[in-house]
$ cat entry06.tsv   # TSV, C-alpha atoms
chain	number	residue	atom	x	y	z
A	497	MET	CA	0.00	0.00	0.00
A	498	THR	CA	1.38	3.41	-0.99
A	499	THR	CA	1.48	6.36	1.40
A	500	SER	CA	3.97	8.58	-0.44
A	501	PRO	CA	2.96	12.27	-0.62
A	502	TYR	CA	4.50	12.39	-4.09
A	503	THR	CA	2.02	9.86	-5.48
A	504	SER	CA	-0.90	11.39	-7.38
A	505	GLN	CA	-2.12	8.17	-9.00
A	506	SER	CA	-1.83	4.54	-7.93
A	507	ALA	CA	-3.54	1.21	-8.54
A	508	PHE	CA	-1.63	-0.24	-5.60
A	509	ASP	CA	-3.06	1.54	-2.54
A	510	GLY	CA	-5.30	-1.37	-1.54
A	511	SER	CA	-8.53	0.61	-1.76
A	512	ARG	CA	-11.79	-0.55	-3.25
A	513	MET	CA	-12.59	0.59	-6.75
A	514	ARG	CA	-15.81	1.83	-8.31
A	515	VAL	CA	-16.18	1.59	-12.11
A	516	ILE	CA	-18.91	3.62	-13.83
A	517	LEU	CA	-19.96	2.99	-17.42
A	518	LEU	CA	-22.10	5.67	-19.06
A	519	VAL	CA	-24.04	4.08	-21.91
A	520	ASP	CA	-26.00	5.78	-24.69
A	521	LEU	CA	-28.04	3.30	-26.75
A	522	HIS	CA	-29.17	3.32	-30.34
A	523	GLU	CA	-32.91	3.86	-30.71
A	524	GLY	CA	-34.89	0.69	-30.05
A	525	ALA	CA	-31.89	-1.28	-28.75
A	526	GLN	CA	-33.02	-1.64	-25.12
A	527	GLN	CA	-33.81	-5.36	-25.23
A	528	GLU	CA	-30.62	-6.18	-27.09
A	529	PHE	CA	-28.73	-4.19	-24.48
A	530	LEU	CA	-30.43	-6.00	-21.60
A	531	ASP	CA	-29.55	-9.36	-23.13
A	532	ALA	CA	-25.92	-8.22	-23.53
A	533	TYR	CA	-25.85	-7.04	-19.92
A	534	GLU	CA	-27.10	-10.42	-18.63
A	535	TYR	CA	-24.34	-12.12	-20.61
A	536	MET	CA	-21.72	-9.73	-19.26
A	537	ARG	CA	-22.98	-10.05	-15.69
A	538	ASP	CA	-22.74	-13.82	-15.74
A	539	ARG	CA	-19.17	-13.67	-17.08
A	540	VAL	CA	-17.85	-10.99	-14.74
A	541	ALA	CA	-19.43	-12.52	-11.62
A	542	SER	CA	-16.70	-15.18	-11.54
A	543	VAL	CA	-13.79	-12.75	-11.95
A	544	PRO	CA	-11.64	-12.57	-8.77
A	545	GLY	CA	-12.02	-9.24	-6.97
A	546	HIS	CA	-15.46	-8.43	-8.39
A	547	LEU	CA	-17.86	-7.51	-5.57
A	548	GLY	CA	-21.06	-6.68	-7.47
A	549	ASP	CA	-22.69	-4.38	-9.98
A	550	GLN	CA	-25.84	-2.38	-10.71
A	551	LEU	CA	-27.69	-1.46	-13.89
A	552	CYS	CA	-29.59	1.84	-13.86
A	553	GLN	CA	-31.78	3.53	-16.50
A	554	SER	CA	-32.17	7.29	-16.81
A	555	LEU	CA	-35.46	8.74	-15.61
A	556	GLU	CA	-35.26	11.52	-18.21
A	557	ASN	CA	-33.90	9.68	-21.27
A	558	PRO	CA	-34.64	5.92	-21.59
A	559	SER	CA	-31.72	5.50	-24.02
A	560	GLN	CA	-29.19	6.47	-21.33
A	561	TRP	CA	-28.01	3.86	-18.85
A	562	VAL	CA	-25.37	3.55	-16.13
A	563	ILE	CA	-23.58	0.35	-15.13
A	564	THR	CA	-21.65	0.53	-11.87
A	565	SER	CA	-19.41	-2.21	-10.53
A	566	GLU	CA	-17.35	-2.47	-7.38
A	567	TRP	CA	-14.02	-4.23	-7.04
A	568	ALA	CA	-12.00	-5.21	-3.96
A	569	THR	CA	-8.91	-3.46	-5.36
A	570	ALA	CA	-7.79	-2.05	-8.70
A	571	PRO	CA	-5.30	-4.76	-9.84
A	572	PRO	CA	-7.84	-7.56	-10.42
A	573	TYR	CA	-10.08	-5.19	-12.37
A	574	LEU	CA	-7.20	-3.97	-14.53
A	575	ALA	CA	-6.08	-7.55	-15.18
A	576	TRP	CA	-9.57	-8.41	-16.38
A	577	VAL	CA	-10.35	-5.29	-18.39
A	578	ASN	CA	-7.06	-5.62	-20.32
A	579	SER	CA	-7.63	-9.29	-21.17
A	580	GLU	CA	-8.91	-11.03	-24.29
A	581	GLU	CA	-11.72	-12.41	-22.15
A	582	HIS	CA	-12.98	-8.88	-21.55
A	583	LEU	CA	-12.97	-8.09	-25.27
A	584	GLU	CA	-15.09	-11.16	-25.92
A	585	THR	CA	-17.40	-10.31	-23.01
A	586	VAL	CA	-18.26	-6.82	-24.24
A	587	LYS	CA	-18.66	-7.77	-27.91
A	588	PRO	CA	-22.48	-8.08	-27.65
A	589	LEU	CA	-22.63	-4.41	-26.61
A	590	GLN	CA	-21.04	-3.06	-29.76
A	591	SER	CA	-24.07	-3.26	-32.04
A	592	CYS	CA	-26.49	-1.58	-29.62
A	593	VAL	CA	-24.37	1.14	-28.01
A	594	ARG	CA	-23.99	4.56	-29.64
A	595	GLU	CA	-21.45	5.76	-27.08
A	596	LEU	CA	-19.85	4.26	-23.99
A	597	ARG	CA	-17.61	5.98	-21.48
A	598	SER	CA	-15.75	4.31	-18.62
A	599	MET	CA	-14.68	6.08	-15.42
A	600	ARG	CA	-12.74	4.55	-12.54
A	601	TYR	CA	-12.60	5.78	-8.95
A	602	GLY	CA	-11.01	4.75	-5.69
A	603	VAL	CA	-13.40	4.69	-2.71
A	604	VAL	CA	-12.39	7.40	-0.21
A	605	ARG	CA	-15.41	7.71	2.14
A	606	GLU	CA	-18.69	5.86	2.61
A	607	THR	CA	-21.76	5.69	4.81
A	608	GLY	CA	-23.47	2.59	6.11
A	609	ARG	CA	-21.86	-0.72	6.97
A	610	ALA	CA	-19.32	-2.10	4.53
A	611	ARG	CA	-19.23	-5.77	3.62
A	612	PRO	CA	-16.54	-7.65	5.57
A	613	ASP	CA	-14.92	-8.83	2.34
A	614	ALA	CA	-15.16	-5.48	0.58
A	615	GLY	CA	-11.60	-4.26	1.17
A	616	GLY	CA	-10.34	-0.92	2.45
A	617	LEU	CA	-10.76	2.75	1.66
A	618	GLN	CA	-8.26	4.99	-0.04
A	619	THR	CA	-6.15	6.13	2.89
A	620	ALA	CA	-5.36	9.64	1.68
A	621	VAL	CA	-6.76	12.10	-0.82
A	622	ARG	CA	-4.16	12.49	-3.55
A	623	VAL	CA	-3.35	15.84	-5.12
A	624	GLY	CA	-2.94	15.76	-8.88
A	625	ASP	CA	-1.86	18.22	-11.54
A	626	GLY	CA	-4.99	18.12	-13.69
A	627	VAL	CA	-3.33	15.86	-16.26
A	628	THR	CA	-4.51	12.42	-17.41
A	629	ARG	CA	-1.79	10.11	-18.70
A	630	HIS	CA	-2.36	7.24	-21.10
A	631	ALA	CA	-0.33	5.10	-23.49
A	632	LEU	CA	-0.85	2.94	-26.55
A	633	THR	CA	1.48	0.13	-27.59
A	634	PHE	CA	1.67	-2.07	-30.67
A	635	THR	CA	4.22	-4.08	-32.60
A	636	VAL	CA	5.33	-3.66	-36.20
A	637	LYS	CA	6.65	-6.23	-38.63
A	638	PRO	CA	10.36	-6.95	-38.08
A	639	GLY	CA	12.42	-5.08	-40.62
A	640	SER	CA	9.98	-2.16	-40.86
A	641	GLU	CA	11.23	-0.32	-37.78
A	642	SER	CA	13.11	2.40	-39.66
A	643	LYS	CA	10.17	3.08	-41.97
A	644	VAL	CA	7.75	3.21	-39.02
A	645	THR	CA	10.07	5.60	-37.20
A	646	GLU	CA	10.15	7.84	-40.28
A	647	ILE	CA	6.34	7.84	-40.52
A	648	LEU	CA	5.81	8.62	-36.83
A	649	ALA	CA	8.48	11.33	-36.66
A	650	GLY	CA	7.38	13.22	-39.76
A	651	TYR	CA	3.72	14.12	-39.36
A	652	ALA	CA	2.40	17.56	-38.43
A	653	PRO	CA	1.04	17.70	-34.88
A	654	PRO	CA	-2.74	17.98	-34.43
A	655	GLN	CA	-4.41	21.01	-32.90
A	656	ALA	CA	-3.79	20.94	-29.16
A	657	ARG	CA	-7.04	22.64	-28.16
A	658	VAL	CA	-9.95	20.16	-28.16
A	659	ASP	CA	-12.64	22.34	-26.56
A	660	ASP	CA	-12.98	24.89	-23.77
A	661	SER	CA	-12.05	22.36	-21.10
A	662	THR	CA	-9.74	19.87	-22.86
A	663	ARG	CA	-6.26	20.27	-24.30
A	664	LEU	CA	-3.72	17.79	-25.64
A	665	ARG	CA	-0.61	18.76	-23.70
A	666	ARG	CA	2.13	16.36	-24.79
A	667	THR	CA	2.64	13.32	-27.01
A	668	THR	CA	5.84	11.27	-26.89
A	669	LEU	CA	6.66	8.21	-29.01
A	670	PHE	CA	9.33	5.58	-28.38
A	671	ILE	CA	10.41	2.35	-30.03
A	672	HIS	CA	12.19	-0.73	-28.66
A	673	GLY	CA	12.91	-3.45	-31.18
A	674	ASN	CA	9.63	-3.71	-33.08
A	675	ARG	CA	7.45	-2.41	-30.21
A	676	VAL	CA	6.13	1.16	-30.40
A	677	VAL	CA	4.83	3.05	-27.35
A	678	ARG	CA	2.90	6.32	-27.67
A	679	THR	CA	2.28	8.25	-24.45
A	680	VAL	CA	-0.17	11.15	-24.22
A	681	GLU	CA	-0.84	13.77	-21.57
A	682	VAL	CA	-4.24	15.47	-21.58
A	683	GLU	CA	-5.72	18.31	-19.57
A	684	GLY	CA	-9.44	17.61	-19.29
A	685	ASP	CA	-11.34	14.73	-20.91
A	686	LEU	CA	-9.03	11.96	-22.17
A	687	MET	CA	-11.65	10.31	-24.40
A	688	ALA	CA	-12.59	13.64	-25.97
A	689	ALA	CA	-8.92	14.29	-26.72
A	690	LEU	CA	-8.39	10.84	-28.26
A	691	ARG	CA	-11.48	11.25	-30.45
A	692	HIS	CA	-10.29	14.71	-31.47
A	693	VAL	CA	-6.86	13.40	-32.46
A	694	SER	CA	-8.28	10.45	-34.41
A	695	ARG	CA	-10.35	12.83	-36.58
A	696	GLN	CA	-7.42	15.02	-37.63
A	697	PRO	CA	-6.52	14.49	-41.32
A	698	GLU	CA	-2.77	14.40	-40.64
A	699	VAL	CA	-3.21	11.75	-37.93
A	700	ARG	CA	-5.53	9.63	-40.07
A	701	ALA	CA	-2.95	9.74	-42.87
A	702	VAL	CA	-0.25	8.53	-40.48
A	703	GLU	CA	-2.45	5.71	-39.17
A	704	GLU	CA	-3.20	4.58	-42.72
A	705	ALA	CA	0.50	4.69	-43.59
A	706	LEU	CA	1.23	2.47	-40.58
A	707	ASN	CA	-1.30	-0.22	-41.51
A	708	PRO	CA	0.93	-2.26	-43.88
A	709	HIS	CA	3.65	-2.42	-41.22
A	710	LEU	CA	1.55	-3.57	-38.24
A	711	GLU	CA	1.79	-7.13	-36.95
A	712	GLN	CA	-1.87	-7.01	-35.89
A	713	HIS	CA	-4.13	-6.36	-38.86
A	714	ARG	CA	-6.63	-3.52	-38.60
A	715	ASP	CA	-9.11	-1.82	-40.89
A	716	LEU	CA	-9.78	1.71	-39.71
A	717	SER	CA	-12.84	1.94	-41.99
A	718	ASP	CA	-14.40	-0.89	-39.98
A	719	PRO	CA	-15.44	0.44	-36.53
A	720	GLU	CA	-15.26	-3.01	-34.92
A	721	SER	CA	-11.75	-3.66	-36.26
A	722	ALA	CA	-10.53	-0.21	-35.17
A	723	ARG	CA	-12.15	-0.58	-31.75
A	724	ALA	CA	-10.55	-3.99	-31.18
A	725	PHE	CA	-7.10	-2.74	-32.22
A	726	PHE	CA	-7.11	0.27	-29.92
A	727	ALA	CA	-8.61	-1.74	-27.05
A	728	ARG	CA	-5.69	-4.18	-27.29
A	729	ALA	CA	-3.21	-1.31	-27.66
A	730	ALA	CA	-4.43	0.62	-24.61
A	731	MET	CA	-1.89	0.73	-21.79
A	732	PRO	CA	-3.27	2.57	-18.74
A	733	ALA	CA	-1.15	4.42	-16.24
A	734	VAL	CA	-1.14	2.47	-12.98
A	735	HIS	CA	1.13	4.75	-10.93
A	736	HIS	CA	2.42	8.32	-11.11
A	737	VAL	CA	4.78	10.20	-8.83
A	738	ALA	CA	6.04	13.78	-9.13
A	739	ARG	CA	8.00	16.22	-6.99
A	740	GLY	CA	5.69	19.07	-7.93
A	741	GLY	CA	6.53	22.61	-8.86
A	742	PRO	CA	7.83	23.92	-12.18
A	743	ASP	CA	10.06	21.77	-14.34
A	744	PRO	CA	13.74	22.39	-13.60
A	745	ASP	CA	16.21	23.25	-16.34
A	746	GLY	CA	17.79	20.34	-18.14
A	747	LEU	CA	14.88	17.94	-17.69
A	748	THR	CA	14.93	15.03	-20.18
A	749	ARG	CA	12.35	12.34	-20.87
A	750	HIS	CA	13.16	8.63	-21.07
A	751	ALA	CA	11.13	5.44	-21.41
A	752	LEU	CA	12.15	1.97	-20.29
A	753	TYR	CA	10.57	-1.25	-21.52
A	754	TYR	CA	10.17	-4.15	-19.09
A	755	PRO	CA	8.64	-7.34	-20.54
A	756	ALA	CA	7.51	-9.45	-17.58
A	757	ARG	CA	7.45	-13.18	-17.19
A	758	ALA	CA	4.03	-14.69	-17.89
A	759	GLY	CA	1.55	-13.56	-15.24
A	760	CYS	CA	4.03	-11.21	-13.51
A	761	GLY	CA	3.17	-7.90	-15.17
A	762	MET	CA	1.20	-6.45	-12.25
A	763	ALA	CA	3.84	-7.52	-9.69
A	764	LEU	CA	6.57	-5.94	-11.83
A	765	ALA	CA	4.58	-2.70	-12.14
A	766	ARG	CA	4.13	-2.65	-8.37
A	767	LEU	CA	7.88	-3.11	-7.80
A	768	LEU	CA	8.76	-0.28	-10.19
A	769	SER	CA	6.12	1.98	-8.62
A	770	ARG	CA	7.64	1.55	-5.16
A	771	GLN	CA	11.06	2.25	-6.64
A	772	ASP	CA	9.76	5.49	-8.14
A	773	GLU	CA	8.30	6.59	-4.81
A	774	THR	CA	11.71	6.11	-3.23
A	775	ALA	CA	13.39	8.02	-6.06
A	776	ALA	CA	10.93	10.93	-5.83
A	777	ALA	CA	11.51	11.21	-2.09
A	778	ASP	CA	15.28	11.70	-2.58
A	779	PRO	CA	15.76	15.52	-2.62
A	780	ALA	CA	19.14	15.17	-4.30
A	781	GLY	CA	18.01	12.50	-6.76
A	782	PRO	CA	17.59	13.12	-10.48
A	783	VAL	CA	14.00	11.78	-10.86
A	784	HIS	CA	11.49	14.63	-11.17
A	785	ARG	CA	8.45	12.56	-12.18
A	786	SER	CA	7.68	9.04	-13.30
A	787	THR	CA	4.69	7.17	-14.69
A	788	VAL	CA	4.32	3.39	-14.84
A	789	PHE	CA	2.10	2.01	-17.61
A	790	GLN	CA	1.09	-1.64	-17.60
A	791	ARG	CA	-0.96	-3.99	-19.74
A	792	GLU	CA	-0.82	-7.72	-19.04
A	793	ASP	CA	2.90	-8.60	-19.13
A	794	ILE	CA	4.14	-5.36	-20.71
A	795	VAL	CA	5.37	-2.62	-18.38
A	796	VAL	CA	6.78	0.76	-19.42
A	797	ARG	CA	8.23	3.49	-17.21
A	798	LEU	CA	8.16	7.06	-18.47
A	799	ILE	CA	10.70	9.08	-16.47
A	800	ASP	CA	11.63	12.77	-16.50
A	801	VAL	CA	15.10	13.22	-15.00
A	802	ARG	CA	17.38	16.14	-14.27
A	803	GLY	CA	20.89	16.15	-15.63
A	804	ASP	CA	22.56	13.48	-17.73
A	805	PRO	CA	21.45	9.94	-16.79
A	806	GLU	CA	24.59	8.57	-18.47
A	807	THR	CA	26.67	9.84	-15.55
A	808	ASP	CA	24.75	7.71	-13.03
A	809	PRO	CA	22.25	5.54	-14.94
A	810	VAL	CA	21.26	3.31	-12.02
A	811	ARG	CA	20.37	6.26	-9.81
A	812	ALA	CA	18.50	8.04	-12.60
A	813	LEU	CA	16.69	5.18	-14.28
A	814	GLY	CA	17.43	1.96	-12.48
A	815	ILE	CA	16.61	-0.20	-9.50
A	816	HIS	CA	18.28	0.68	-6.21
A	817	GLY	CA	19.60	-2.06	-3.97
A	818	PRO	CA	20.59	-5.69	-4.58
A	819	ARG	CA	17.36	-7.12	-3.13
A	820	LYS	CA	15.16	-5.12	-5.51
A	821	ALA	CA	17.44	-5.97	-8.41
A	822	ALA	CA	17.10	-9.66	-7.53
A	823	VAL	CA	13.30	-9.38	-7.40
A	824	LEU	CA	13.37	-7.60	-10.76
A	825	ALA	CA	15.40	-10.46	-12.20
A	826	ARG	CA	12.76	-12.96	-11.09
A	827	LEU	CA	9.91	-10.95	-12.61
A	828	LEU	CA	11.55	-9.89	-15.87
A	829	ASP	CA	11.54	-11.90	-19.09
A	830	GLY	CA	15.18	-11.47	-20.00
A	831	ASP	CA	14.88	-13.37	-23.28
A	832	ALA	CA	12.17	-10.98	-24.52
A	833	LEU	CA	14.36	-8.04	-23.55
A	834	GLY	CA	17.41	-9.53	-25.23
A	835	VAL	CA	19.43	-9.91	-22.03
A	836	ALA	CA	21.39	-13.14	-21.61
A	837	GLY	CA	21.18	-13.64	-17.87
A	838	VAL	CA	19.25	-10.84	-16.19
A	839	PRO	CA	21.50	-8.91	-13.77
A	840	THR	CA	20.77	-9.58	-10.11
A	841	GLY	CA	23.01	-6.93	-8.55
A	842	GLU	CA	22.78	-3.16	-8.49
A	843	ARG	CA	26.07	-2.61	-10.32
A	844	GLU	CA	25.18	-5.04	-13.08
A	845	ALA	CA	21.86	-3.22	-13.58
A	846	THR	CA	23.55	-0.75	-15.95
A	847	ARG	CA	23.67	-3.57	-18.50
A	848	LEU	CA	19.93	-4.07	-18.10
A	849	LEU	CA	19.26	-0.36	-18.61
A	850	ALA	CA	21.18	-0.44	-21.90
A	851	HIS	CA	18.70	-3.05	-23.11
A	852	ALA	CA	15.58	-1.59	-21.47
A	853	GLU	CA	15.81	2.04	-22.60
A	854	MET	CA	13.59	2.82	-25.57
A	855	ALA	CA	14.67	5.00	-28.49
A	856	LEU	CA	12.90	8.34	-28.71
A	857	ILE	CA	10.99	8.90	-31.96
A	858	THR	CA	9.38	12.28	-31.26
A	859	ASP	CA	8.35	14.44	-28.31
A	860	ARG	CA	5.70	17.05	-29.10
A	861	ARG	CA	4.51	19.63	-26.57
A	862	ALA	CA	1.67	22.05	-26.98
A	863	ALA	CA	2.43	25.72	-26.58
A	864	GLN	CA	1.39	27.10	-23.22
A	865	PRO	CA	-2.04	28.79	-23.41

$ encode --input "entry06.tsv" --output "structure tokens"
Amino acid sequence: MTTSPYTSQSAFDGSRMRVILLVDLHEGAQQEFLDAYEYMRDRVASVPGHLGDQLCQSLENPSQWVITSEWATAPPYLAWVNSEEHLETVKPLQSCVRELRSMRYGVVRETGRARPDAGGLQTAVRVGDGVTRHALTFTVKPGSESKVTEILAGYAPPQARVDDSTRLRRTTLFIHGNRVVRTVEVEGDLMAALRHVSRQPEVRAVEEALNPHLEQHRDLSDPESARAFFARAAMPAVHHVARGGPDPDGLTRHALYYPARAGCGMALARLLSRQDETAAADPAGPVHRSTVFQREDIVVRLIDVRGDPETDPVRALGIHGPRKAAVLARLLDGDALGVAGVPTGEREATRLLAHAEMALITDRRAAQP
């Protein structure tokens, strides 16, 4: 459980989680939607960590519905929502839903008597910076990496302003082998920003240019194909720490790729999150902020550091202490990373960092309003 004052976002605080789905149906699709909900309810009831759900219909507009579900903690929900099983479970919804929006909350206070198996409350109210962080990841065909890098580095950036309350603040792209990671930072509504970006002609042209090089086929003219691709590519932020205050001079952005052993992705993300809390608490340390993104057994750390990390790479980007390095070795898939024998000591970790650091493709920041 995290108690660091530098943590503004965490899936690892042990608190219960409330998920809210806002659903807007196509006209006349109520019965189809109810059948889809019954199917979903039966499937999700057996998922570990699921405590229950409710289905509610709007009193003012019968086409608007709300599904709420409660989870013992965030990790089991995230494991399920990022799985192939979840994609299959929600398929029946696609033909009857005009729009669906998901929101996730940690439970901070409550009235009444809690169930004994319901888990704890969020121990402290976290202070954020008004920014939502998200990432997308996908793989390209081996041999196409240089062409993909050229495509992604060369397009004109979309308009940063989405509406009066939403702005695309920063987009950064990295590549490691044939895996691409795109991170975005949004002030306001993340989904509104992603929809805005997807409609921009320059972005659509880039996405079409990428299609022949992707390992996973997609047809952006087919809504179901596009939806499935981006659902599999989504990589949510599970932890974020920051010192706060203005960015110091000389701040540089880095991303590190950590493929986990099968079934160890969440444990690896938790380990790296605790490491980042320790790094943020070091007043003389180089780490200014860090975000951990995780989907199944893929973990990425996005780190903003002061100074040159080459002078002290372990302190800037790595794992501190031989015990943590040994745990990392047990959780990491060294073969997928291209490391023959994962280092188990702090000094040897510099070799791991040479393999884990991703190459920067482009870093685009919106002008300050």

$ residues_around --input "entry06.tsv" --residues "Asp715 of chain A" --least-positions-apart "3" --cutoff "12 Å" --atoms "all atoms listed in the file" --output "JSON, numbers by chain"
{"A": [703, 704, 705, 706, 707, 708, 710, 712, 718, 719, 720, 721, 722, 723, 724, 725, 726]}

$ closest_residue --input "entry06.tsv" --among "A:Pro572, A:Pro588, A:Gly608, A:Pro501" --to "Tyr533 of chain A" --atoms "only C-alpha atoms"
A:Pro588

$ closest_residue --input "entry06.tsv" --among "A:Asn674, A:Thr503, A:Thr645, A:Ser565" --to "Ala738 of chain A" --atoms "all atoms listed in the file"
A:Thr503

$ closest_residue --input "entry06.tsv" --among "A:Arg749, A:His736, A:His546, A:Arg728" --to "Ala855 of chain A" --atoms "only C-alpha atoms"
A:Arg749

$ closest_residue --input "entry06.tsv" --among "A:Ser504, A:Ser642, A:Gln618, A:Ser511" --to "Ser786 of chain A" --atoms "all atoms listed in the file"
A:Ser504
